[in-house]
Amino acid sequence: MKKTAIILGASGLTGSIILQKLIADDRYKTIKLFSRSKIEGLPNKVTQFIGDLLKLEQFKSDFNADEVYCCIGTTAKKTPNESLYKQIDYGIPVAAAKLSKENNISTFLVISAMGANAKSAVFYNRIKGEMEQAVLQQNLKHTYILRPSLIGGERKEHRFLEKMALNIFKILQPLLIGKLKNYSIINAKTIAQAMINLANKKYSSDSVIYSNDIKKLSK
């Protein structure tokens, strides 16, 4: 029986790759996108629900699927207001996890960050850590939290500091051995494939998955 998938953040780097992969994947009959604006040129296999994701509950009746891919995230540059930042990076994934529980969606995958820690003094890391805790509290049967390191790939938007960091990390790659491998650059395509594999093979993996294991799971 073919499946239905929900993607949040399909216009972003990793989300857009997941979208294209699922469109080409015969295991999926329907792909539902929930976003602020429409993506043009998609096949009939894709259904788009346009609205304010900060009020995700308004989509409850349509929020039905076999699995949810949550690729929502912003940056301090795009969203300097900390209150709005939290509404996006914490509020949307947690609301999606709650809707998944209410609508009996058993598989939930979300992209977090390497330094996620609910007790961190760093705002960004603390919000990601709090989001992870709230998602796990929903006790969905298959919950996978991915903590990638610096993500490589061609973005539509220009991120100068991120590009500079990527260039520095490329030089340091040979020095990252052992546990330090988790800090090596990971391509968005690798993350996307790992998420799809996790959703379909139901690995008996830890709920929180770091970069090095994300790479292994993408094979």
# chains A, B, ... in the order shown; residues from 1 in each chain; ligands from 1
call {"tool": "residues_around", "arguments": {"residues": "A:Thr74", "least_positions_apart": "2", "cutoff": "8 Å", "atoms": "only C-alpha atoms", "output": "list in words"}}
result
Ile72, Ala76, Lys78, Thr79, Tyr85, Ile88 and Asp89 of chain A
call {"tool": "select_by_dssp", "arguments": {"residues": "chain A", "states": "strand (DSSP E)", "output": "VMD selection string"}}
result
chain A and resid 3 to 8 28 to 35 46 to 50 67 to 70 107 to 111 142 to 147 151 to 152 186 to 187 208 to 210
call {"tool": "residues_around", "arguments": {"residues": "A:Val135", "least_positions_apart": "4", "cutoff": "7 Å", "atoms": "only C-alpha atoms", "output": "mmCIF file with C-alpha atoms, in the first residue's frame"}}
result
data_model
loop_
_atom_site.group_PDB
_atom_site.id
_atom_site.type_symbol
_atom_site.label_atom_id
_atom_site.label_comp_id
_atom_site.auth_asym_id
_atom_site.auth_seq_id
_atom_site.Cartn_x
_atom_site.Cartn_y
_atom_site.Cartn_z
ATOM 1 C CA VAL A 94 6.446 20.969 18.452
ATOM 2 C CA ALA A 97 4.615 16.630 16.653
ATOM 3 C CA MET A 131 12.354 21.629 20.912
#
call {"tool": "atom_distance", "arguments": {"atom1": "atom CA of A:Lys215", "atom2": "atom CA of A:Lys21"}}
result
16.9 Å
call {"tool": "select_by_dssp", "arguments": {"residues": "stretch 1-174 of chain A", "states": "alpha helix (DSSP H)", "output": "ChimeraX atom specification"}}
result
/A:13-23,82-86,92-102,123-136,160-172
call {"tool": "residues_around", "arguments": {"residues": "stretch 110-120 of chain A", "least_positions_apart": "2", "cutoff": "10 Å", "atoms": "only C-alpha atoms", "output": "mmCIF file with all heavy atoms, in the first residue's frame"}}
result
data_model
loop_
_atom_site.group_PDB
_atom_site.id
_atom_site.type_symbol
_atom_site.label_atom_id
_atom_site.label_comp_id
_atom_site.auth_asym_id
_atom_site.auth_seq_id
_atom_site.Cartn_x
_atom_site.Cartn_y
_atom_site.Cartn_z
ATOM 1 N N LEU A 8 7.382 19.660 6.058
ATOM 2 C CA LEU A 8 7.386 21.047 6.534
ATOM 3 C C LEU A 8 8.756 21.621 6.233
ATOM 4 O O LEU A 8 9.777 21.047 6.626
ATOM 5 C CB LEU A 8 7.123 21.101 8.042
ATOM 6 C CG LEU A 8 5.751 20.616 8.506
ATOM 7 C CD1 LEU A 8 5.755 20.343 9.995
ATOM 8 C CD2 LEU A 8 4.692 21.638 8.169
ATOM 9 N N THR A 14 17.400 21.186 2.634
ATOM 10 C CA THR A 14 17.165 19.753 2.840
ATOM 11 C C THR A 14 15.740 19.365 2.485
ATOM 12 O O THR A 14 15.508 18.330 1.851
ATOM 13 C CB THR A 14 17.469 19.366 4.293
ATOM 14 O OG1 THR A 14 18.789 19.801 4.643
ATOM 15 C CG2 THR A 14 17.383 17.863 4.485
ATOM 16 N N GLY A 15 14.770 20.190 2.864
ATOM 17 C CA GLY A 15 13.376 19.885 2.578
ATOM 18 C C GLY A 15 13.085 19.765 1.093
ATOM 19 O O GLY A 15 12.313 18.907 0.660
ATOM 20 N N VAL A 68 6.012 12.278 8.920
ATOM 21 C CA VAL A 68 6.218 13.723 8.834
ATOM 22 C C VAL A 68 7.717 14.014 8.785
ATOM 23 O O VAL A 68 8.481 13.529 9.630
ATOM 24 C CB VAL A 68 5.603 14.452 10.044
ATOM 25 C CG1 VAL A 68 5.947 15.941 10.001
ATOM 26 C CG2 VAL A 68 4.089 14.254 10.066
ATOM 27 N N TYR A 69 8.113 14.806 7.785
ATOM 28 C CA TYR A 69 9.493 15.282 7.673
ATOM 29 C C TYR A 69 9.494 16.767 8.040
ATOM 30 O O TYR A 69 8.962 17.596 7.298
ATOM 31 C CB TYR A 69 10.011 15.122 6.243
ATOM 32 C CG TYR A 69 10.107 13.697 5.755
ATOM 33 C CD1 TYR A 69 8.999 13.056 5.193
ATOM 34 C CD2 TYR A 69 11.293 12.993 5.849
ATOM 35 C CE1 TYR A 69 9.074 11.744 4.754
ATOM 36 C CE2 TYR A 69 11.385 11.673 5.400
ATOM 37 C CZ TYR A 69 10.272 11.064 4.856
ATOM 38 O OH TYR A 69 10.355 9.763 4.415
ATOM 39 N N CYS A 70 10.078 17.095 9.175
ATOM 40 C CA CYS A 70 10.090 18.479 9.636
ATOM 41 C C CYS A 70 11.472 19.085 9.431
ATOM 42 O O CYS A 70 12.425 18.738 10.132
ATOM 43 C CB CYS A 70 9.685 18.548 11.103
ATOM 44 S SG CYS A 70 9.497 20.232 11.705
ATOM 45 N N CYS A 71 11.568 19.968 8.455
ATOM 46 C CA CYS A 71 12.843 20.595 8.096
ATOM 47 C C CYS A 71 12.797 22.103 8.315
ATOM 48 O O CYS A 71 13.426 22.877 7.597
ATOM 49 C CB CYS A 71 13.183 20.294 6.641
ATOM 50 S SG CYS A 71 13.110 18.544 6.212
ATOM 51 N N ILE A 72 12.008 22.511 9.299
ATOM 52 C CA ILE A 72 11.812 23.931 9.586
ATOM 53 C C ILE A 72 13.013 24.504 10.328
ATOM 54 O O ILE A 72 13.556 23.864 11.239
ATOM 55 C CB ILE A 72 10.539 24.134 10.432
ATOM 56 C CG1 ILE A 72 9.285 23.875 9.593
ATOM 57 C CG2 ILE A 72 10.492 25.521 11.046
ATOM 58 C CD1 ILE A 72 9.030 24.903 8.512
ATOM 59 N N GLY A 73 13.422 25.701 9.951
ATOM 60 C CA GLY A 73 14.501 26.370 10.668
ATOM 61 C C GLY A 73 14.751 27.746 10.090
ATOM 62 O O GLY A 73 14.571 27.964 8.891
ATOM 63 N N ASP A 89 11.491 28.026 15.307
ATOM 64 C CA ASP A 89 12.375 26.880 15.521
ATOM 65 C C ASP A 89 11.886 25.915 16.601
ATOM 66 O O ASP A 89 12.226 24.728 16.570
ATOM 67 C CB ASP A 89 13.788 27.363 15.854
ATOM 68 C CG ASP A 89 14.663 27.465 14.620
ATOM 69 O OD1 ASP A 89 14.169 27.969 13.604
ATOM 70 O OD2 ASP A 89 15.837 27.030 14.662
ATOM 71 N N TYR A 90 11.111 26.410 17.538
ATOM 72 C CA TYR A 90 10.540 25.573 18.586
ATOM 73 C C TYR A 90 9.055 25.313 18.313
ATOM 74 O O TYR A 90 8.604 24.162 18.292
ATOM 75 C CB TYR A 90 10.701 26.255 19.942
ATOM 76 C CG TYR A 90 9.975 25.552 21.079
ATOM 77 C CD1 TYR A 90 10.625 24.587 21.841
ATOM 78 C CD2 TYR A 90 8.648 25.853 21.382
ATOM 79 C CE1 TYR A 90 9.967 23.937 22.877
ATOM 80 C CE2 TYR A 90 7.976 25.213 22.413
ATOM 81 C CZ TYR A 90 8.637 24.255 23.159
ATOM 82 O OH TYR A 90 7.976 23.609 24.183
ATOM 83 N N PRO A 93 7.920 22.884 14.923
ATOM 84 C CA PRO A 93 8.157 21.441 15.076
ATOM 85 C C PRO A 93 7.335 20.810 16.201
ATOM 86 O O PRO A 93 6.823 19.694 16.048
ATOM 87 C CB PRO A 93 9.659 21.359 15.381
ATOM 88 C CG PRO A 93 10.233 22.586 14.787
ATOM 89 C CD PRO A 93 9.195 23.640 14.994
ATOM 90 N N VAL A 94 7.203 21.519 17.324
ATOM 91 C CA VAL A 94 6.446 20.969 18.452
ATOM 92 C C VAL A 94 4.961 20.867 18.108
ATOM 93 O O VAL A 94 4.301 19.860 18.406
ATOM 94 C CB VAL A 94 6.654 21.819 19.721
ATOM 95 C CG1 VAL A 94 5.750 21.338 20.852
ATOM 96 C CG2 VAL A 94 8.123 21.760 20.158
ATOM 97 N N ALA A 96 3.774 20.454 15.152
ATOM 98 C CA ALA A 96 3.666 19.358 14.187
ATOM 99 C C ALA A 96 3.697 18.005 14.890
ATOM 100 O O ALA A 96 2.959 17.075 14.519
ATOM 101 C CB ALA A 96 4.802 19.454 13.169
ATOM 102 N N ALA A 97 4.534 17.882 15.902
ATOM 103 C CA ALA A 97 4.615 16.630 16.653
ATOM 104 C C ALA A 97 3.302 16.376 17.411
ATOM 105 O O ALA A 97 2.820 15.237 17.478
ATOM 106 C CB ALA A 97 5.786 16.672 17.623
ATOM 107 N N PHE A 108 7.859 10.439 12.933
ATOM 108 C CA PHE A 108 8.146 11.874 12.922
ATOM 109 C C PHE A 108 9.659 12.074 12.880
ATOM 110 O O PHE A 108 10.385 11.576 13.731
ATOM 111 C CB PHE A 108 7.566 12.530 14.173
ATOM 112 C CG PHE A 108 7.648 14.035 14.175
ATOM 113 C CD1 PHE A 108 6.634 14.799 13.611
ATOM 114 C CD2 PHE A 108 8.733 14.684 14.746
ATOM 115 C CE1 PHE A 108 6.696 16.186 13.612
ATOM 116 C CE2 PHE A 108 8.813 16.071 14.754
ATOM 117 C CZ PHE A 108 7.793 16.822 14.191
ATOM 118 N N VAL A 122 23.684 29.404 25.212
ATOM 119 C CA VAL A 122 23.565 29.915 23.845
ATOM 120 C C VAL A 122 22.111 29.785 23.400
ATOM 121 O O VAL A 122 21.565 28.674 23.391
ATOM 122 C CB VAL A 122 24.488 29.146 22.872
ATOM 123 C CG1 VAL A 122 24.327 29.679 21.453
ATOM 124 C CG2 VAL A 122 25.942 29.241 23.330
ATOM 125 N N PHE A 123 21.493 30.897 23.049
ATOM 126 C CA PHE A 123 20.061 30.920 22.722
ATOM 127 C C PHE A 123 19.698 29.891 21.656
ATOM 128 O O PHE A 123 18.757 29.107 21.831
ATOM 129 C CB PHE A 123 19.665 32.326 22.260
ATOM 130 C CG PHE A 123 18.240 32.438 21.801
ATOM 131 C CD1 PHE A 123 17.196 32.465 22.719
ATOM 132 C CD2 PHE A 123 17.922 32.515 20.449
ATOM 133 C CE1 PHE A 123 15.869 32.547 22.302
ATOM 134 C CE2 PHE A 123 16.609 32.606 20.025
ATOM 135 C CZ PHE A 123 15.580 32.625 20.957
ATOM 136 N N TYR A 124 20.424 29.885 20.548
ATOM 137 C CA TYR A 124 20.126 28.982 19.430
ATOM 138 C C TYR A 124 20.147 27.525 19.890
ATOM 139 O O TYR A 124 19.224 26.752 19.608
ATOM 140 C CB TYR A 124 21.144 29.198 18.307
ATOM 141 C CG TYR A 124 21.017 28.238 17.154
ATOM 142 C CD1 TYR A 124 20.065 28.434 16.150
ATOM 143 C CD2 TYR A 124 21.853 27.124 17.054
ATOM 144 C CE1 TYR A 124 19.948 27.550 15.091
ATOM 145 C CE2 TYR A 124 21.737 26.236 15.995
ATOM 146 C CZ TYR A 124 20.793 26.456 15.016
ATOM 147 O OH TYR A 124 20.679 25.571 13.975
ATOM 148 N N ASN A 125 21.199 27.130 20.594
ATOM 149 C CA ASN A 125 21.331 25.750 21.060
ATOM 150 C C ASN A 125 20.259 25.390 22.084
ATOM 151 O O ASN A 125 19.747 24.265 22.108
ATOM 152 C CB ASN A 125 22.714 25.521 21.668
ATOM 153 C CG ASN A 125 23.817 25.582 20.630
ATOM 154 O OD1 ASN A 125 23.562 25.440 19.436
ATOM 155 N ND2 ASN A 125 25.037 25.794 21.071
ATOM 156 N N ARG A 126 19.910 26.358 22.940
ATOM 157 C CA ARG A 126 18.896 26.106 23.959
ATOM 158 C C ARG A 126 17.517 25.867 23.336
ATOM 159 O O ARG A 126 16.787 24.959 23.743
ATOM 160 C CB ARG A 126 18.831 27.284 24.934
ATOM 161 C CG ARG A 126 17.884 27.029 26.110
ATOM 162 C CD ARG A 126 18.007 28.083 27.183
ATOM 163 N NE ARG A 126 17.506 29.388 26.760
ATOM 164 C CZ ARG A 126 18.249 30.444 26.482
ATOM 165 N NH1 ARG A 126 19.580 30.355 26.551
ATOM 166 N NH2 ARG A 126 17.705 31.593 26.125
ATOM 167 N N ILE A 127 17.173 26.678 22.339
ATOM 168 C CA ILE A 127 15.874 26.519 21.672
ATOM 169 C C ILE A 127 15.782 25.158 20.989
ATOM 170 O O ILE A 127 14.756 24.472 21.074
ATOM 171 C CB ILE A 127 15.644 27.653 20.647
ATOM 172 C CG1 ILE A 127 15.520 29.001 21.358
ATOM 173 C CG2 ILE A 127 14.388 27.375 19.808
ATOM 174 C CD1 ILE A 127 14.427 29.061 22.405
ATOM 175 N N LYS A 128 16.857 24.757 20.319
ATOM 176 C CA LYS A 128 16.863 23.445 19.667
ATOM 177 C C LYS A 128 16.725 22.330 20.701
ATOM 178 O O LYS A 128 16.003 21.339 20.484
ATOM 179 C CB LYS A 128 18.157 23.258 18.867
ATOM 180 C CG LYS A 128 18.252 24.093 17.609
ATOM 181 C CD LYS A 128 17.242 23.673 16.555
ATOM 182 C CE LYS A 128 17.471 24.374 15.231
ATOM 183 N NZ LYS A 128 16.414 24.063 14.242
ATOM 184 N N GLY A 129 17.415 22.467 21.842
ATOM 185 C CA GLY A 129 17.320 21.459 22.887
ATOM 186 C C GLY A 129 15.932 21.377 23.488
ATOM 187 O O GLY A 129 15.407 20.280 23.744
ATOM 188 N N GLU A 130 15.312 22.513 23.710
ATOM 189 C CA GLU A 130 13.947 22.544 24.239
ATOM 190 C C GLU A 130 12.967 21.941 23.239
ATOM 191 O O GLU A 130 12.015 21.243 23.618
ATOM 192 C CB GLU A 130 13.551 23.987 24.575
ATOM 193 C CG GLU A 130 14.300 24.565 25.769
ATOM 194 C CD GLU A 130 13.991 26.036 25.988
ATOM 195 O OE1 GLU A 130 13.291 26.636 25.139
ATOM 196 O OE2 GLU A 130 14.457 26.589 27.005
ATOM 197 N N MET A 131 13.204 22.212 21.959
ATOM 198 C CA MET A 131 12.354 21.629 20.912
ATOM 199 C C MET A 131 12.454 20.109 20.938
ATOM 200 O O MET A 131 11.436 19.399 20.889
ATOM 201 C CB MET A 131 12.774 22.171 19.537
ATOM 202 C CG MET A 131 11.995 21.597 18.355
ATOM 203 S SD MET A 131 12.665 20.028 17.714
ATOM 204 C CE MET A 131 14.186 20.607 16.950
ATOM 205 N N GLU A 132 13.659 19.591 21.032
ATOM 206 C CA GLU A 132 13.855 18.143 21.064
ATOM 207 C C GLU A 132 13.092 17.507 22.231
ATOM 208 O O GLU A 132 12.414 16.488 22.063
ATOM 209 C CB GLU A 132 15.340 17.816 21.194
ATOM 210 C CG GLU A 132 16.159 18.140 19.969
ATOM 211 C CD GLU A 132 17.610 17.714 20.118
ATOM 212 O OE1 GLU A 132 17.976 17.167 21.174
ATOM 213 O OE2 GLU A 132 18.385 17.927 19.176
ATOM 214 N N GLN A 133 13.218 18.101 23.397
ATOM 215 C CA GLN A 133 12.535 17.570 24.583
ATOM 216 C C GLN A 133 11.022 17.532 24.388
ATOM 217 O O GLN A 133 10.364 16.540 24.707
ATOM 218 C CB GLN A 133 12.879 18.417 25.810
ATOM 219 C CG GLN A 133 14.292 18.227 26.333
ATOM 220 C CD GLN A 133 14.543 19.001 27.614
ATOM 221 O OE1 GLN A 133 13.765 19.866 28.003
ATOM 222 N NE2 GLN A 133 15.637 18.695 28.283
ATOM 223 N N VAL A 135 9.327 17.506 21.582
ATOM 224 C CA VAL A 135 8.965 16.527 20.549
ATOM 225 C C VAL A 135 8.970 15.114 21.137
ATOM 226 O O VAL A 135 8.037 14.330 20.930
ATOM 227 C CB VAL A 135 9.924 16.626 19.342
ATOM 228 C CG1 VAL A 135 9.768 15.397 18.434
ATOM 229 C CG2 VAL A 135 9.652 17.893 18.542
ATOM 230 N N THR A 143 10.255 8.229 16.455
ATOM 231 C CA THR A 143 10.703 9.627 16.456
ATOM 232 C C THR A 143 12.207 9.664 16.215
ATOM 233 O O THR A 143 12.968 9.008 16.929
ATOM 234 C CB THR A 143 10.396 10.311 17.808
ATOM 235 O OG1 THR A 143 8.996 10.250 18.060
ATOM 236 C CG2 THR A 143 10.839 11.768 17.779
ATOM 237 N N TYR A 144 12.611 10.413 15.204
ATOM 238 C CA TYR A 144 14.036 10.530 14.882
ATOM 239 C C TYR A 144 14.427 11.999 14.856
ATOM 240 O O TYR A 144 13.891 12.786 14.077
ATOM 241 C CB TYR A 144 14.337 9.890 13.522
ATOM 242 C CG TYR A 144 13.964 8.424 13.448
ATOM 243 C CD1 TYR A 144 12.845 8.009 12.736
ATOM 244 C CD2 TYR A 144 14.730 7.465 14.105
ATOM 245 C CE1 TYR A 144 12.498 6.666 12.662
ATOM 246 C CE2 TYR A 144 14.378 6.115 14.038
ATOM 247 C CZ TYR A 144 13.271 5.729 13.316
ATOM 248 O OH TYR A 144 12.921 4.382 13.256
ATOM 249 N N ILE A 145 15.374 12.354 15.722
ATOM 250 C CA ILE A 145 15.894 13.713 15.778
ATOM 251 C C ILE A 145 17.300 13.702 15.211
ATOM 252 O O ILE A 145 18.189 13.031 15.746
ATOM 253 C CB ILE A 145 15.898 14.246 17.225
ATOM 254 C CG1 ILE A 145 14.463 14.365 17.740
ATOM 255 C CG2 ILE A 145 16.606 15.594 17.293
ATOM 256 C CD1 ILE A 145 14.359 14.694 19.212
ATOM 257 N N LEU A 146 17.502 14.415 14.128
ATOM 258 C CA LEU A 146 18.810 14.429 13.481
ATOM 259 C C LEU A 146 19.581 15.685 13.887
ATOM 260 O O LEU A 146 19.062 16.792 13.794
ATOM 261 C CB LEU A 146 18.663 14.383 11.960
ATOM 262 C CG LEU A 146 18.258 13.010 11.397
ATOM 263 C CD1 LEU A 146 16.764 12.758 11.572
ATOM 264 C CD2 LEU A 146 18.637 12.896 9.928
ATOM 265 N N ARG A 147 20.806 15.479 14.357
ATOM 266 C CA ARG A 147 21.668 16.584 14.766
ATOM 267 C C ARG A 147 22.875 16.675 13.821
ATOM 268 O O ARG A 147 23.971 16.227 14.147
ATOM 269 C CB ARG A 147 22.173 16.381 16.188
ATOM 270 C CG ARG A 147 21.150 16.603 17.285
ATOM 271 C CD ARG A 147 21.852 16.536 18.628
ATOM 272 N NE ARG A 147 20.919 16.660 19.747
ATOM 273 C CZ ARG A 147 21.292 16.546 21.016
ATOM 274 N NH1 ARG A 147 22.578 16.293 21.298
ATOM 275 N NH2 ARG A 147 20.408 16.668 21.988
ATOM 276 N N PRO A 148 22.684 17.239 12.648
ATOM 277 C CA PRO A 148 23.798 17.367 11.710
ATOM 278 C C PRO A 148 24.765 18.463 12.152
ATOM 279 O O PRO A 148 24.403 19.362 12.906
ATOM 280 C CB PRO A 148 23.115 17.741 10.399
ATOM 281 C CG PRO A 148 21.889 18.480 10.843
ATOM 282 C CD PRO A 148 21.436 17.802 12.106
ATOM 283 N N SER A 149 25.980 18.362 11.661
ATOM 284 C CA SER A 149 26.948 19.441 11.866
ATOM 285 C C SER A 149 26.682 20.492 10.786
ATOM 286 O O SER A 149 25.550 20.660 10.352
ATOM 287 C CB SER A 149 28.372 18.886 11.783
ATOM 288 O OG SER A 149 28.567 18.254 10.523
ATOM 289 N N LEU A 150 27.701 21.173 10.338
ATOM 290 C CA LEU A 150 27.537 22.192 9.295
ATOM 291 C C LEU A 150 27.045 21.527 8.009
ATOM 292 O O LEU A 150 27.632 20.556 7.536
ATOM 293 C CB LEU A 150 28.869 22.902 9.057
ATOM 294 C CG LEU A 150 28.825 24.280 8.390
ATOM 295 C CD1 LEU A 150 27.960 25.244 9.197
ATOM 296 C CD2 LEU A 150 30.224 24.828 8.255
ATOM 297 N N ILE A 151 25.939 22.045 7.462
ATOM 298 C CA ILE A 151 25.301 21.427 6.298
ATOM 299 C C ILE A 151 25.815 22.045 5.002
ATOM 300 O O ILE A 151 25.765 23.259 4.815
ATOM 301 C CB ILE A 151 23.771 21.575 6.381
ATOM 302 C CG1 ILE A 151 23.251 20.912 7.656
ATOM 303 C CG2 ILE A 151 23.106 20.949 5.155
ATOM 304 C CD1 ILE A 151 21.767 21.127 7.897
ATOM 305 N N ASN A 182 31.886 13.669 13.891
ATOM 306 C CA ASN A 182 30.539 14.240 13.982
ATOM 307 C C ASN A 182 30.513 15.723 13.629
ATOM 308 O O ASN A 182 29.460 16.284 13.380
ATOM 309 C CB ASN A 182 29.976 14.049 15.399
ATOM 310 C CG ASN A 182 29.417 12.659 15.605
ATOM 311 O OD1 ASN A 182 28.785 12.095 14.712
ATOM 312 N ND2 ASN A 182 29.654 12.084 16.768
ATOM 313 N N TYR A 183 31.714 16.358 13.627
ATOM 314 C CA TYR A 183 31.798 17.779 13.324
ATOM 315 C C TYR A 183 32.177 18.050 11.865
ATOM 316 O O TYR A 183 32.286 19.201 11.463
ATOM 317 C CB TYR A 183 32.820 18.458 14.250
ATOM 318 C CG TYR A 183 32.386 18.472 15.692
ATOM 319 C CD1 TYR A 183 32.723 17.438 16.544
ATOM 320 C CD2 TYR A 183 31.598 19.506 16.193
ATOM 321 C CE1 TYR A 183 32.310 17.423 17.871
ATOM 322 C CE2 TYR A 183 31.173 19.512 17.515
ATOM 323 C CZ TYR A 183 31.537 18.466 18.346
ATOM 324 O OH TYR A 183 31.111 18.465 19.657
ATOM 325 N N ILE A 191 21.614 14.002 4.408
ATOM 326 C CA ILE A 191 20.602 14.114 5.459
ATOM 327 C C ILE A 191 19.232 13.681 4.927
ATOM 328 O O ILE A 191 18.505 12.929 5.573
ATOM 329 C CB ILE A 191 20.528 15.557 5.992
ATOM 330 C CG1 ILE A 191 21.873 15.975 6.577
ATOM 331 C CG2 ILE A 191 19.427 15.686 7.047
ATOM 332 C CD1 ILE A 191 21.958 17.456 6.908
ATOM 333 N N ALA A 192 18.899 14.166 3.744
ATOM 334 C CA ALA A 192 17.607 13.844 3.133
ATOM 335 C C ALA A 192 17.448 12.339 2.944
ATOM 336 O O ALA A 192 16.404 11.761 3.288
ATOM 337 C CB ALA A 192 17.460 14.570 1.802
ATOM 338 N N MET A 195 16.962 10.469 6.239
ATOM 339 C CA MET A 195 15.610 10.633 6.777
ATOM 340 C C MET A 195 14.624 9.706 6.078
ATOM 341 O O MET A 195 13.779 9.070 6.724
ATOM 342 C CB MET A 195 15.166 12.090 6.660
ATOM 343 C CG MET A 195 15.965 13.037 7.542
ATOM 344 S SD MET A 195 15.515 14.785 7.352
ATOM 345 C CE MET A 195 14.030 14.884 8.373
ATOM 346 N N VAL A 208 18.039 10.290 18.987
ATOM 347 C CA VAL A 208 18.889 11.411 18.588
ATOM 348 C C VAL A 208 20.071 10.863 17.796
ATOM 349 O O VAL A 208 20.820 10.011 18.277
ATOM 350 C CB VAL A 208 19.396 12.195 19.818
ATOM 351 C CG1 VAL A 208 20.326 13.318 19.388
ATOM 352 C CG2 VAL A 208 18.217 12.752 20.616
ATOM 353 N N ILE A 209 20.229 11.357 16.576
ATOM 354 C CA ILE A 209 21.220 10.808 15.652
ATOM 355 C C ILE A 209 22.187 11.902 15.203
ATOM 356 O O ILE A 209 21.770 12.940 14.692
ATOM 357 C CB ILE A 209 20.519 10.191 14.420
ATOM 358 C CG1 ILE A 209 19.450 9.191 14.869
ATOM 359 C CG2 ILE A 209 21.534 9.496 13.514
ATOM 360 C CD1 ILE A 209 18.498 8.777 13.781
ATOM 361 N N TYR A 210 23.480 11.646 15.398
ATOM 362 C CA TYR A 210 24.515 12.625 15.065
ATOM 363 C C TYR A 210 25.036 12.425 13.636
ATOM 364 O O TYR A 210 24.763 11.417 12.995
ATOM 365 C CB TYR A 210 25.671 12.533 16.065
ATOM 366 C CG TYR A 210 25.316 13.016 17.447
ATOM 367 C CD1 TYR A 210 24.754 12.150 18.385
ATOM 368 C CD2 TYR A 210 25.528 14.342 17.819
ATOM 369 C CE1 TYR A 210 24.409 12.587 19.652
ATOM 370 C CE2 TYR A 210 25.188 14.789 19.091
ATOM 371 C CZ TYR A 210 24.634 13.910 19.997
ATOM 372 O OH TYR A 210 24.289 14.347 21.256
ATOM 373 N N SER A 211 25.827 13.409 13.194
ATOM 374 C CA SER A 211 26.270 13.464 11.800
ATOM 375 C C SER A 211 26.891 12.177 11.286
ATOM 376 O O SER A 211 26.565 11.707 10.195
ATOM 377 C CB SER A 211 27.268 14.615 11.610
ATOM 378 O OG SER A 211 26.589 15.813 11.322
#
call {"tool": "closest_residue", "arguments": {"among": "A:Leu33, A:Leu42, A:Met1, A:Leu54", "to": "A:Gly91", "atoms": "only C-alpha atoms"}}
result
A:Leu54
call {"tool": "closest_residue", "arguments": {"among": "A:Ala134, A:Leu19, A:Ala65, A:Leu109", "to": "A:Ala95", "atoms": "only C-alpha atoms"}}
result
A:Ala134
call {"tool": "residues_around", "arguments": {"residues": "A:Leu217", "least_positions_apart": "3", "cutoff": "9 Å", "atoms": "only C-alpha atoms", "output": "ChimeraX atom specification"}}
result
/A:190-191,193-195,197-198,203,212-214
call {"tool": "write_last_selection", "arguments": {"atoms": "N, CA and C atoms", "output": "PDB file, in the first residue's frame"}}
result
ATOM      1  N   THR A 190      22.727  13.956   1.845  1.00  0.00           N
ATOM      2  CA  THR A 190      22.966  12.845   2.762  1.00  0.00           C
ATOM      3  C   THR A 190      21.916  12.827   3.866  1.00  0.00           C
ATOM      4  N   ILE A 191      21.614  14.002   4.408  1.00  0.00           N
ATOM      5  CA  ILE A 191      20.602  14.114   5.459  1.00  0.00           C
ATOM      6  C   ILE A 191      19.232  13.681   4.927  1.00  0.00           C
ATOM      7  N   GLN A 193      18.473  11.688   2.410  1.00  0.00           N
ATOM      8  CA  GLN A 193      18.387  10.244   2.164  1.00  0.00           C
ATOM      9  C   GLN A 193      18.317   9.469   3.468  1.00  0.00           C
ATOM     10  N   ALA A 194      19.052   9.911   4.476  1.00  0.00           N
ATOM     11  CA  ALA A 194      19.011   9.245   5.782  1.00  0.00           C
ATOM     12  C   ALA A 194      17.609   9.316   6.379  1.00  0.00           C
ATOM     13  N   MET A 195      16.962  10.469   6.239  1.00  0.00           N
ATOM     14  CA  MET A 195      15.610  10.633   6.777  1.00  0.00           C
ATOM     15  C   MET A 195      14.624   9.706   6.078  1.00  0.00           C
ATOM     16  N   ASN A 197      15.372   6.886   4.542  1.00  0.00           N
ATOM     17  CA  ASN A 197      15.696   5.517   4.950  1.00  0.00           C
ATOM     18  C   ASN A 197      15.151   5.216   6.342  1.00  0.00           C
ATOM     19  N   LEU A 198      15.293   6.158   7.245  1.00  0.00           N
ATOM     20  CA  LEU A 198      14.787   5.974   8.602  1.00  0.00           C
ATOM     21  C   LEU A 198      13.272   5.775   8.598  1.00  0.00           C
ATOM     22  N   TYR A 203      14.742   1.853  11.535  1.00  0.00           N
ATOM     23  CA  TYR A 203      15.932   1.399  12.237  1.00  0.00           C
ATOM     24  C   TYR A 203      15.706   1.436  13.751  1.00  0.00           C
ATOM     25  N   ASN A 212      27.807  11.593  12.048  1.00  0.00           N
ATOM     26  CA  ASN A 212      28.505  10.407  11.575  1.00  0.00           C
ATOM     27  C   ASN A 212      27.534   9.254  11.326  1.00  0.00           C
ATOM     28  N   ASP A 213      26.534   9.107  12.221  1.00  0.00           N
ATOM     29  CA  ASP A 213      25.539   8.050  12.034  1.00  0.00           C
ATOM     30  C   ASP A 213      24.530   8.407  10.946  1.00  0.00           C
ATOM     31  N   ILE A 214      24.274   9.714  10.768  1.00  0.00           N
ATOM     32  CA  ILE A 214      23.398  10.141   9.667  1.00  0.00           C
ATOM     33  C   ILE A 214      24.008   9.697   8.343  1.00  0.00           C
TER      34      ILE A 214
END
call {"tool": "atom_distance", "arguments": {"atom1": "atom CA of A:Gln138", "atom2": "atom CA of A:Lys98"}}
result
6.5 Å
call {"tool": "atom_distance", "arguments": {"atom1": "atom CA of A:Thr4", "atom2": "atom CA of A:Ile186"}}
result
27.3 Å
call {"tool": "closest_residue", "arguments": {"among": "A:Leu84, A:Ile7, A:Leu136, A:Ile185", "to": "A:Gly152", "atoms": "only C-alpha atoms"}}
result
A:Ile185
